[in-house]
>>> print(open('model_10.tsv').read())   # TSV, C-alpha atoms
chain	number	residue	atom	x	y	z
A	17	VAL	CA	0.00	0.00	0.00
A	18	GLU	CA	1.55	3.27	-1.13
A	19	SER	CA	-1.07	5.62	0.27
A	20	CYS	CA	-4.38	5.51	2.14
A	21	LEU	CA	-6.98	8.27	2.41
A	22	LEU	CA	-9.51	8.04	5.25
A	23	VAL	CA	-12.66	10.13	4.89
A	24	GLU	CA	-14.54	10.51	8.18
A	25	LEU	CA	-17.57	12.68	8.81
A	26	ASP	CA	-16.71	13.59	12.40
A	27	ALA	CA	-13.19	14.39	13.59
A	28	LEU	CA	-14.22	13.49	17.14
A	29	VAL	CA	-14.62	9.86	16.04
A	30	VAL	CA	-10.95	9.69	15.08
A	31	GLU	CA	-9.88	11.43	18.26
A	32	ALA	CA	-11.98	9.04	20.39
A	33	CYS	CA	-10.44	6.04	18.60
A	34	ARG	CA	-6.95	7.37	19.21
A	35	VAL	CA	-7.61	7.81	22.93
A	36	HIS	CA	-9.88	4.90	23.80
A	37	LEU	CA	-9.16	2.24	21.15
A	38	PRO	CA	-5.38	2.36	20.79
A	39	THR	CA	-5.03	-1.34	19.92
A	40	LEU	CA	-7.56	-1.07	17.05
A	41	GLY	CA	-6.28	2.11	15.45
A	42	THR	CA	-2.54	1.68	15.04
A	43	ALA	CA	-1.97	3.52	11.76
A	44	TRP	CA	-2.59	7.13	12.81
A	45	LYS	CA	1.13	7.98	12.67
A	46	ASP	CA	1.80	6.08	9.44
A	47	PRO	CA	3.08	8.61	6.87
A	48	ARG	CA	1.07	6.87	4.16
A	49	LEU	CA	-2.21	7.82	5.87
A	50	LYS	CA	-4.02	11.03	4.97
A	51	LEU	CA	-7.14	12.18	6.86
A	52	HIS	CA	-10.03	14.14	5.39
A	53	PHE	CA	-12.99	15.19	7.52
A	54	GLY	CA	-16.30	15.70	5.76
A	55	ASP	CA	-19.19	13.96	4.04
A	56	GLY	CA	-17.95	10.86	2.22
A	57	ALA	CA	-20.53	11.10	-0.58
A	58	ASP	CA	-19.63	14.74	-1.22
A	59	PHE	CA	-15.94	13.86	-1.26
A	60	VAL	CA	-16.35	11.11	-3.85
A	61	GLU	CA	-18.53	13.28	-6.08
A	62	ARG	CA	-16.29	16.38	-5.92
A	63	SER	CA	-12.78	15.06	-5.28
A	64	HIS	CA	-9.95	15.83	-7.69
A	65	GLU	CA	-7.69	13.12	-6.26
A	66	PRO	CA	-6.07	10.71	-8.74
A	67	PRO	CA	-8.10	7.53	-9.43
A	68	PHE	CA	-8.21	5.09	-6.55
A	69	ASP	CA	-7.31	1.42	-6.77
A	70	VAL	CA	-9.69	0.54	-3.93
A	71	ILE	CA	-12.63	2.31	-2.29
A	72	LEU	CA	-13.94	0.75	0.93
A	73	VAL	CA	-17.24	2.03	2.33
A	74	ASP	CA	-18.15	0.97	5.86
A	75	GLY	CA	-21.50	2.71	5.93
A	76	CYS	CA	-24.26	2.51	8.51
A	77	ASP	CA	-27.71	1.16	7.66
A	78	PRO	CA	-29.10	2.77	4.48
A	79	GLU	CA	-31.33	5.26	6.25
A	80	GLY	CA	-30.95	8.80	7.55
A	81	PRO	CA	-27.67	10.58	6.69
A	82	ALA	CA	-26.04	7.31	5.64
A	83	ALA	CA	-28.67	6.65	2.95
A	84	ARG	CA	-26.59	8.64	0.44
A	85	LEU	CA	-23.91	5.93	0.58
A	86	PHE	CA	-26.36	3.48	-1.00
A	87	GLU	CA	-27.90	5.72	-3.66
A	88	PRO	CA	-27.30	5.30	-7.41
A	89	ALA	CA	-25.52	8.67	-7.65
A	90	PHE	CA	-22.94	7.53	-5.11
A	91	PHE	CA	-22.27	4.23	-6.87
A	92	ALA	CA	-21.90	6.09	-10.17
A	93	ALA	CA	-19.44	8.52	-8.57
A	94	CYS	CA	-17.42	5.64	-7.10
A	95	ARG	CA	-17.11	4.08	-10.54
A	96	GLN	CA	-15.78	7.36	-11.93
A	97	ARG	CA	-13.26	7.72	-9.09
A	98	LEU	CA	-11.80	4.21	-9.54
A	99	SER	CA	-9.00	3.15	-11.86
A	100	PRO	CA	-9.97	0.74	-14.69
A	101	THR	CA	-9.05	-2.24	-12.49
A	102	GLY	CA	-10.24	-0.60	-9.27
A	103	VAL	CA	-12.52	-2.27	-6.72
A	104	LEU	CA	-15.37	-0.90	-4.62
A	105	GLY	CA	-16.12	-2.78	-1.40
A	106	ILE	CA	-19.32	-2.05	0.55
A	107	GLN	CA	-21.29	-3.62	3.38
A	108	SER	CA	-24.75	-4.75	2.30
A	109	GLU	CA	-26.56	-5.68	5.52
A	110	SER	CA	-27.76	-9.06	6.80
A	111	PRO	CA	-29.35	-11.06	3.97
A	112	PHE	CA	-31.03	-13.27	6.58
A	113	LEU	CA	-32.78	-10.55	8.59
A	114	MET	CA	-33.01	-7.92	5.84
A	115	PRO	CA	-33.39	-9.79	2.52
A	116	ALA	CA	-35.17	-6.90	0.77
A	117	THR	CA	-32.46	-4.41	1.71
A	118	TYR	CA	-29.69	-6.81	0.69
A	119	ALA	CA	-31.37	-7.48	-2.67
A	120	ALA	CA	-31.96	-3.78	-3.34
A	121	ILE	CA	-28.29	-2.95	-2.70
A	122	HIS	CA	-27.15	-5.84	-4.88
A	123	ARG	CA	-29.45	-4.79	-7.69
A	124	SER	CA	-28.50	-1.11	-7.48
A	125	VAL	CA	-24.73	-1.56	-7.45
A	126	SER	CA	-24.98	-4.06	-10.33
A	127	THR	CA	-26.28	-1.23	-12.49
A	128	TYR	CA	-22.92	0.54	-12.30
A	129	PHE	CA	-20.42	-2.32	-12.12
A	130	GLU	CA	-20.10	-5.21	-14.54
A	131	CYS	CA	-18.68	-7.59	-11.93
A	132	VAL	CA	-20.45	-7.71	-8.57
A	133	HIS	CA	-19.56	-10.58	-6.24
A	134	PRO	CA	-21.43	-10.83	-2.92
A	135	LEU	CA	-19.39	-12.26	-0.06
A	136	PHE	CA	-20.29	-13.25	3.46
A	137	GLY	CA	-18.65	-13.48	6.85
A	138	PRO	CA	-19.37	-13.54	10.57
A	139	ALA	CA	-20.11	-10.30	12.41
A	140	PRO	CA	-19.88	-11.24	16.12
A	141	LEU	CA	-21.09	-7.82	17.31
A	142	TYR	CA	-24.43	-8.22	15.52
A	143	ALA	CA	-27.05	-10.85	16.35
A	144	ALA	CA	-27.75	-11.38	12.65
A	145	GLY	CA	-25.71	-14.42	11.68
A	146	PRO	CA	-23.57	-13.87	8.56
A	147	TRP	CA	-23.12	-10.32	7.28
A	148	SER	CA	-22.86	-9.49	3.60
A	149	TYR	CA	-20.55	-7.34	1.50
A	150	MET	CA	-20.19	-6.56	-2.20
A	151	HIS	CA	-16.96	-6.74	-4.24
A	152	CYS	CA	-17.64	-4.46	-7.22
A	153	SER	CA	-15.47	-3.74	-10.27
A	154	ARG	CA	-15.43	-3.44	-14.03
A	155	SER	CA	-13.57	-6.70	-14.61
A	156	VAL	CA	-11.82	-8.04	-11.48
A	157	ASP	CA	-12.60	-11.61	-10.44
A	158	PRO	CA	-11.86	-11.88	-6.69
A	159	LEU	CA	-11.67	-15.68	-6.91
A	160	LYS	CA	-8.60	-15.51	-9.17
A	161	MET	CA	-5.96	-15.04	-6.50
A	162	ASP	CA	-2.29	-14.40	-7.11
A	163	PRO	CA	-0.70	-17.61	-5.77
A	164	VAL	CA	2.53	-15.81	-4.88
A	165	ARG	CA	0.74	-13.20	-2.76
A	166	ALA	CA	-1.46	-15.88	-1.18
A	167	ALA	CA	1.62	-17.92	-0.24
A	168	ARG	CA	3.22	-14.88	1.42
A	169	LEU	CA	0.14	-14.44	3.63
A	170	ALA	CA	-0.07	-18.08	4.67
A	171	GLY	CA	0.60	-18.44	8.38
A	172	HIS	CA	0.54	-14.68	9.03
A	173	THR	CA	-3.20	-14.02	9.32
A	174	ARG	CA	-5.66	-14.76	12.12
A	175	TYR	CA	-8.72	-15.35	9.92
A	176	TRP	CA	-7.97	-15.23	6.21
A	177	SER	CA	-6.84	-18.29	4.32
A	178	ALA	CA	-7.22	-19.34	0.70
A	179	ALA	CA	-10.04	-21.71	1.69
A	180	VAL	CA	-11.86	-19.03	3.70
A	181	HIS	CA	-11.41	-16.62	0.79
A	182	HIS	CA	-13.14	-18.95	-1.66
A	183	GLY	CA	-15.81	-19.96	0.83
A	184	ALA	CA	-16.75	-16.34	1.56
A	185	PHE	CA	-18.04	-15.93	-2.00
A	186	ALA	CA	-20.41	-18.91	-1.76
A	187	VAL	CA	-23.87	-17.31	-1.87
A	188	PRO	CA	-26.48	-18.85	0.47
A	189	ALA	CA	-29.65	-19.96	-1.29
A	190	TYR	CA	-31.85	-17.47	0.56
A	191	ALA	CA	-29.63	-14.56	-0.52
A	192	ALA	CA	-29.60	-15.70	-4.15
A	193	ILE	CA	-33.39	-16.06	-4.08
A	194	ALA	CA	-33.82	-12.56	-2.65
A	195	SER	CA	-31.69	-11.07	-5.44
A	196	ALA	CA	-33.57	-13.05	-8.09
A	197	LEU	CA	-36.95	-11.90	-6.78
A	198	ARG	CA	-35.81	-8.27	-6.76
A	199	ARG	CA	-34.66	-8.60	-10.38
A	200	VAL	CA	-37.97	-10.17	-11.45
A	201	ALA	CA	-39.99	-7.50	-9.68
A	202	GLU	CA	-38.08	-4.66	-11.35
A	203	GLN	CA	-38.17	-6.24	-14.80
A	204	THR	CA	-41.87	-7.16	-14.76
A	205	GLY	CA	-43.40	-4.69	-12.33
A	206	ILE	CA	-45.05	-7.65	-10.59
A	207	ALA	CA	-44.87	-7.68	-6.80
A	208	THR	CA	-43.06	-10.67	-5.31
A	209	ASP	CA	-43.04	-12.23	-1.89
A	210	LEU	CA	-39.61	-10.73	-1.15
A	211	ASP	CA	-40.34	-9.11	2.19
A	212	VAL	CA	-40.17	-12.22	4.31
A	213	GLN	CA	-37.93	-13.10	7.19
A	214	GLY	CA	-35.01	-15.46	6.70
A	215	ASP	CA	-37.08	-18.34	8.08
A	216	GLY	CA	-39.84	-17.71	5.54
A	217	ALA	CA	-42.28	-16.18	8.02
A	218	PRO	CA	-44.17	-13.04	6.94
A	219	LEU	CA	-42.81	-9.74	8.18
A	220	ASP	CA	-44.42	-8.33	11.31
A	221	PRO	CA	-45.41	-4.68	10.62
A	222	GLU	CA	-45.30	-4.00	14.37
A	223	SER	CA	-41.68	-5.10	14.63
A	224	GLU	CA	-39.07	-2.34	14.29
A	225	THR	CA	-36.53	-4.86	12.96
A	226	ASP	CA	-38.95	-6.13	10.32
A	227	ARG	CA	-39.95	-2.62	9.26
A	228	LYS	CA	-36.31	-1.87	8.56
A	229	SER	CA	-36.18	-4.92	6.30
A	230	VAL	CA	-38.63	-3.39	3.87
A	231	VAL	CA	-37.25	-1.12	1.15
>>> encode(input="model_10.tsv", output="structure tokens")
Amino acid sequence: VESCLLVELDALVVEACRVHLPTLGTAWKDPRLKLHFGDGADFVERSHEPPFDVILVDGCDPEGPAARLFEPAFFAACRQRLSPTGVLGIQSESPFLMPATYAAIHRSVSTYFECVHPLFGPAPLYAAGPWSYMHCSRSVDPLKMDPVRAARLAGHTRYWSAAVHHGAFAVPAYAAIASALRRVAEQTGIATDLDVQGDGAPLDPESETDRKSVV
């Protein structure tokens, strides 16, 4: 990594991490790191920085101020800010608890990137089972690893391995079905039974969690 630009909305977040989470944030004094405080969506749309090789977006749920990070205009701007072989990585919610939201994000980002690969992994802080992410690019296949780079990492990581890497891109059936139903609904205009819980039970309109699952 030659350089890294961190865009954070609130400078107090960085200061709090420096003071209270010293073991998690260890790169603050790295000369390759550059900090920019402001709205991430505005930065991507207006930045004159050289094209990025990677853009990682760790956004909140797609509602309120964070909703802009999941809108078509933002995905289009990310595509413009990336190099031809650049990659956009985003979080895309729990496909088990929020299948409609997951499918909507998948469908939206696929409009702007030719290669979109969902991947999944545990999120111990959230009682939602596996969490989902999207690997988005014009042409990059994340399953085609460089064997030399993979060999250098072997034995030096706490979680990643070549097997875990490949397994992360295995799409659970319920997530694939949610994406397929979203695609059918948009192409035909016919409503589908997408807004169901991961166990197939109808959504409860009185449940705050279930209401958030509906796009």
>>> closest_residue(input="model_10.tsv", among="A:Ala191, A:Val23, A:Phe91, A:Val35", to="Phe59 (chain A)", atoms="only C-alpha atoms")
A:Val23
>>> atom_distance(input="model_10.tsv", atom1="CA of Ile193 (chain A)", atom2="CA of Pro111 (chain A)")
10.3 Å
>>> residues_around(input="model_10.tsv", residues="Pro146 (chain A)", least_positions_apart="5", cutoff="8 Å", atoms="all atoms listed in the file", output="VMD selection string")
chain A and resid 110 to 112 136 to 139
>>> atom_distance(input="model_10.tsv", atom1="CA of Cys33 (chain A)", atom2="CA of Leu141 (chain A)")
17.5 Å
>>> atom_distance(input="model_10.tsv", atom1="CA of Thr173 (chain A)", atom2="CA of Val30 (chain A)")
25.6 Å
>>> residues_around(input="model_10.tsv", residues="region 94-96 of chain A", least_positions_apart="3", cutoff="12 Å", atoms="all atoms listed in the file", output="PDB file with C-alpha atoms, in the frame of the given file")
ATOM      1  CA  GLY A  56     -17.950  10.860   2.220  1.00  0.00           C
ATOM      2  CA  ALA A  57     -20.530  11.100  -0.580  1.00  0.00           C
ATOM      3  CA  ASP A  58     -19.630  14.740  -1.220  1.00  0.00           C
ATOM      4  CA  PHE A  59     -15.940  13.860  -1.260  1.00  0.00           C
ATOM      5  CA  VAL A  60     -16.350  11.110  -3.850  1.00  0.00           C
ATOM      6  CA  GLU A  61     -18.530  13.280  -6.080  1.00  0.00           C
ATOM      7  CA  ARG A  62     -16.290  16.380  -5.920  1.00  0.00           C
ATOM      8  CA  SER A  63     -12.780  15.060  -5.280  1.00  0.00           C
ATOM      9  CA  HIS A  64      -9.950  15.830  -7.690  1.00  0.00           C
ATOM     10  CA  GLU A  65      -7.690  13.120  -6.260  1.00  0.00           C
ATOM     11  CA  PRO A  66      -6.070  10.710  -8.740  1.00  0.00           C
ATOM     12  CA  PRO A  67      -8.100   7.530  -9.430  1.00  0.00           C
ATOM     13  CA  PHE A  68      -8.210   5.090  -6.550  1.00  0.00           C
ATOM     14  CA  ASP A  69      -7.310   1.420  -6.770  1.00  0.00           C
ATOM     15  CA  VAL A  70      -9.690   0.540  -3.930  1.00  0.00           C
ATOM     16  CA  ILE A  71     -12.630   2.310  -2.290  1.00  0.00           C
ATOM     17  CA  LEU A  72     -13.940   0.750   0.930  1.00  0.00           C
ATOM     18  CA  VAL A  73     -17.240   2.030   2.330  1.00  0.00           C
ATOM     19  CA  LEU A  85     -23.910   5.930   0.580  1.00  0.00           C
ATOM     20  CA  PHE A  86     -26.360   3.480  -1.000  1.00  0.00           C
ATOM     21  CA  GLU A  87     -27.900   5.720  -3.660  1.00  0.00           C
ATOM     22  CA  PRO A  88     -27.300   5.300  -7.410  1.00  0.00           C
ATOM     23  CA  ALA A  89     -25.520   8.670  -7.650  1.00  0.00           C
ATOM     24  CA  PHE A  90     -22.940   7.530  -5.110  1.00  0.00           C
ATOM     25  CA  PHE A  91     -22.270   4.230  -6.870  1.00  0.00           C
ATOM     26  CA  SER A  99      -9.000   3.150 -11.860  1.00  0.00           C
ATOM     27  CA  PRO A 100      -9.970   0.740 -14.690  1.00  0.00           C
ATOM     28  CA  THR A 101      -9.050  -2.240 -12.490  1.00  0.00           C
ATOM     29  CA  GLY A 102     -10.240  -0.600  -9.270  1.00  0.00           C
ATOM     30  CA  VAL A 103     -12.520  -2.270  -6.720  1.00  0.00           C
ATOM     31  CA  LEU A 104     -15.370  -0.900  -4.620  1.00  0.00           C
ATOM     32  CA  GLY A 105     -16.120  -2.780  -1.400  1.00  0.00           C
ATOM     33  CA  ILE A 106     -19.320  -2.050   0.550  1.00  0.00           C
ATOM     34  CA  VAL A 125     -24.730  -1.560  -7.450  1.00  0.00           C
ATOM     35  CA  SER A 126     -24.980  -4.060 -10.330  1.00  0.00           C
ATOM     36  CA  THR A 127     -26.280  -1.230 -12.490  1.00  0.00           C
ATOM     37  CA  TYR A 128     -22.920   0.540 -12.300  1.00  0.00           C
ATOM     38  CA  PHE A 129     -20.420  -2.320 -12.120  1.00  0.00           C
ATOM     39  CA  GLU A 130     -20.100  -5.210 -14.540  1.00  0.00           C
ATOM     40  CA  CYS A 131     -18.680  -7.590 -11.930  1.00  0.00           C
ATOM     41  CA  CYS A 152     -17.640  -4.460  -7.220  1.00  0.00           C
ATOM     42  CA  SER A 153     -15.470  -3.740 -10.270  1.00  0.00           C
ATOM     43  CA  ARG A 154     -15.430  -3.440 -14.030  1.00  0.00           C
TER      44      ARG A 154
END
>>> closest_residue(input="model_10.tsv", among="A:Leu169, A:Ala184, A:Ala32, A:Ala43", to="Cys20 (chain A)", atoms="only C-alpha atoms")
A:Ala43
>>> closest_residue(input="model_10.tsv", among="A:Leu28, A:Leu49, A:Ala196, A:Val180", to="Arg123 (chain A)", atoms="all atoms listed in the file")
A:Ala196
>>> closest_residue(input="model_10.tsv", among="A:Ala116, A:Glu79, A:Val17, A:Glu109", to="Tyr142 (chain A)", atoms="all atoms listed in the file")
A:Glu109
>>> closest_residue(input="model_10.tsv", among="A:His52, A:Arg168, A:His122, A:Arg199", to="Leu135 (chain A)", atoms="all atoms listed in the file")
A:His122
>>> residues_around(input="model_10.tsv", residues="Pro78 (chain A)", least_positions_apart="2", cutoff="10 Å", atoms="all atoms listed in the file", output="PyMOL selection string")
chain A and resi 75-76+80-87+108-109+117+121+228+231
>>> axis_aligned_box(input="model_10.tsv", around="region 183-200 of chain A", padding_each_side="6 Å", output="AutoDock Vina command-line options")
--center_x -26.9 --center_y -14.1 --center_z -4.9 --size_x 34.2 --size_y 23.7 --size_z 25.0
>>> residues_around(input="model_10.tsv", residues="Leu159 (chain A)", least_positions_apart="3", cutoff="9 Å", atoms="only C-alpha atoms", output="list in words")
Val156, His181, His182 and Phe185 of chain A
>>> residues_around(input="model_10.tsv", residues="Pro134 (chain A)", least_positions_apart="4", cutoff="8 Å", atoms="all atoms listed in the file", output="list in words")
His122, Ser148, Tyr149, Met150, His151, Phe185 and Val187 of chain A
>>> closest_residue(input="model_10.tsv", among="A:Glu202, A:Tyr190, A:Arg165, A:Thr42", to="Ser177 (chain A)", atoms="all atoms listed in the file")
A:Arg165
>>> build_atoms(input="model_10.tsv", residues="region 104-115 of chain A", atoms="all heavy atoms", output="short mmCIF file (atom, residue, chain, number, x, y, z; two decimals), keeping the file's coordinate frame")
data_model
loop_
_atom_site.label_atom_id
_atom_site.label_comp_id
_atom_site.auth_asym_id
_atom_site.auth_seq_id
_atom_site.Cartn_x
_atom_site.Cartn_y
_atom_site.Cartn_z
N LEU A 104 -14.54 -1.50 -5.66
CA LEU A 104 -15.37 -0.90 -4.62
C LEU A 104 -15.84 -2.00 -3.69
O LEU A 104 -16.39 -3.01 -4.14
CB LEU A 104 -16.58 -0.18 -5.22
CG LEU A 104 -17.68 0.24 -4.23
CD1 LEU A 104 -17.18 1.33 -3.29
CD2 LEU A 104 -18.94 0.70 -4.97
N GLY A 105 -15.63 -1.82 -2.39
CA GLY A 105 -16.12 -2.78 -1.40
C GLY A 105 -17.10 -2.09 -0.47
O GLY A 105 -16.78 -1.04 0.11
N ILE A 106 -18.30 -2.65 -0.32
CA ILE A 106 -19.32 -2.05 0.55
C ILE A 106 -19.94 -3.12 1.44
O ILE A 106 -19.91 -4.30 1.11
CB ILE A 106 -20.44 -1.36 -0.26
CG1 ILE A 106 -21.19 -2.39 -1.12
CG2 ILE A 106 -19.88 -0.24 -1.12
CD1 ILE A 106 -22.40 -1.84 -1.81
N GLN A 107 -20.50 -2.70 2.56
CA GLN A 107 -21.29 -3.62 3.38
C GLN A 107 -22.73 -3.56 2.87
O GLN A 107 -23.21 -2.51 2.45
CB GLN A 107 -21.19 -3.26 4.86
CG GLN A 107 -21.95 -2.03 5.31
CD GLN A 107 -23.41 -2.32 5.69
OE1 GLN A 107 -23.83 -3.47 5.75
NE2 GLN A 107 -24.16 -1.27 5.95
N SER A 108 -23.40 -4.70 2.88
CA SER A 108 -24.75 -4.75 2.30
C SER A 108 -25.76 -5.44 3.22
O SER A 108 -26.66 -6.13 2.77
CB SER A 108 -24.70 -5.44 0.93
OG SER A 108 -23.93 -6.63 0.97
N GLU A 109 -25.58 -5.26 4.51
CA GLU A 109 -26.56 -5.68 5.52
C GLU A 109 -26.64 -7.20 5.68
O GLU A 109 -25.93 -7.96 5.04
CB GLU A 109 -27.94 -5.10 5.20
CG GLU A 109 -27.96 -3.57 5.12
CD GLU A 109 -27.65 -2.89 6.44
OE1 GLU A 109 -28.02 -3.43 7.50
OE2 GLU A 109 -27.04 -1.82 6.43
N SER A 110 -27.54 -7.63 6.55
CA SER A 110 -27.76 -9.06 6.80
C SER A 110 -28.78 -9.60 5.80
O SER A 110 -29.95 -9.20 5.84
CB SER A 110 -28.28 -9.28 8.22
OG SER A 110 -28.80 -10.59 8.36
N PRO A 111 -28.38 -10.51 4.92
CA PRO A 111 -29.35 -11.06 3.97
C PRO A 111 -30.38 -11.95 4.64
O PRO A 111 -31.43 -12.22 4.07
CB PRO A 111 -28.48 -11.85 2.99
CG PRO A 111 -27.29 -12.24 3.81
CD PRO A 111 -27.04 -11.09 4.75
N PHE A 112 -30.09 -12.40 5.86
CA PHE A 112 -31.03 -13.27 6.58
C PHE A 112 -32.14 -12.46 7.23
O PHE A 112 -33.32 -12.79 7.10
CB PHE A 112 -30.28 -14.07 7.64
CG PHE A 112 -31.13 -15.10 8.33
CD1 PHE A 112 -31.41 -16.31 7.71
CD2 PHE A 112 -31.64 -14.86 9.59
CE1 PHE A 112 -32.21 -17.26 8.34
CE2 PHE A 112 -32.43 -15.81 10.23
CZ PHE A 112 -32.71 -17.01 9.61
N LEU A 113 -31.78 -11.37 7.91
CA LEU A 113 -32.78 -10.55 8.59
C LEU A 113 -33.36 -9.46 7.69
O LEU A 113 -34.47 -9.00 7.93
CB LEU A 113 -32.17 -9.90 9.84
CG LEU A 113 -31.79 -10.84 10.98
CD1 LEU A 113 -31.23 -10.04 12.15
CD2 LEU A 113 -33.00 -11.65 11.43
N MET A 114 -32.59 -9.03 6.69
CA MET A 114 -33.01 -7.92 5.84
C MET A 114 -32.87 -8.29 4.37
O MET A 114 -32.11 -7.65 3.62
CB MET A 114 -32.19 -6.67 6.18
CG MET A 114 -32.26 -6.28 7.66
SD MET A 114 -31.02 -5.04 8.13
CE MET A 114 -31.68 -3.60 7.30
N PRO A 115 -33.57 -9.32 3.90
CA PRO A 115 -33.39 -9.79 2.52
C PRO A 115 -33.76 -8.73 1.48
O PRO A 115 -33.11 -8.66 0.43
CB PRO A 115 -34.31 -11.01 2.44
CG PRO A 115 -35.33 -10.80 3.51
CD PRO A 115 -34.60 -10.12 4.62
#
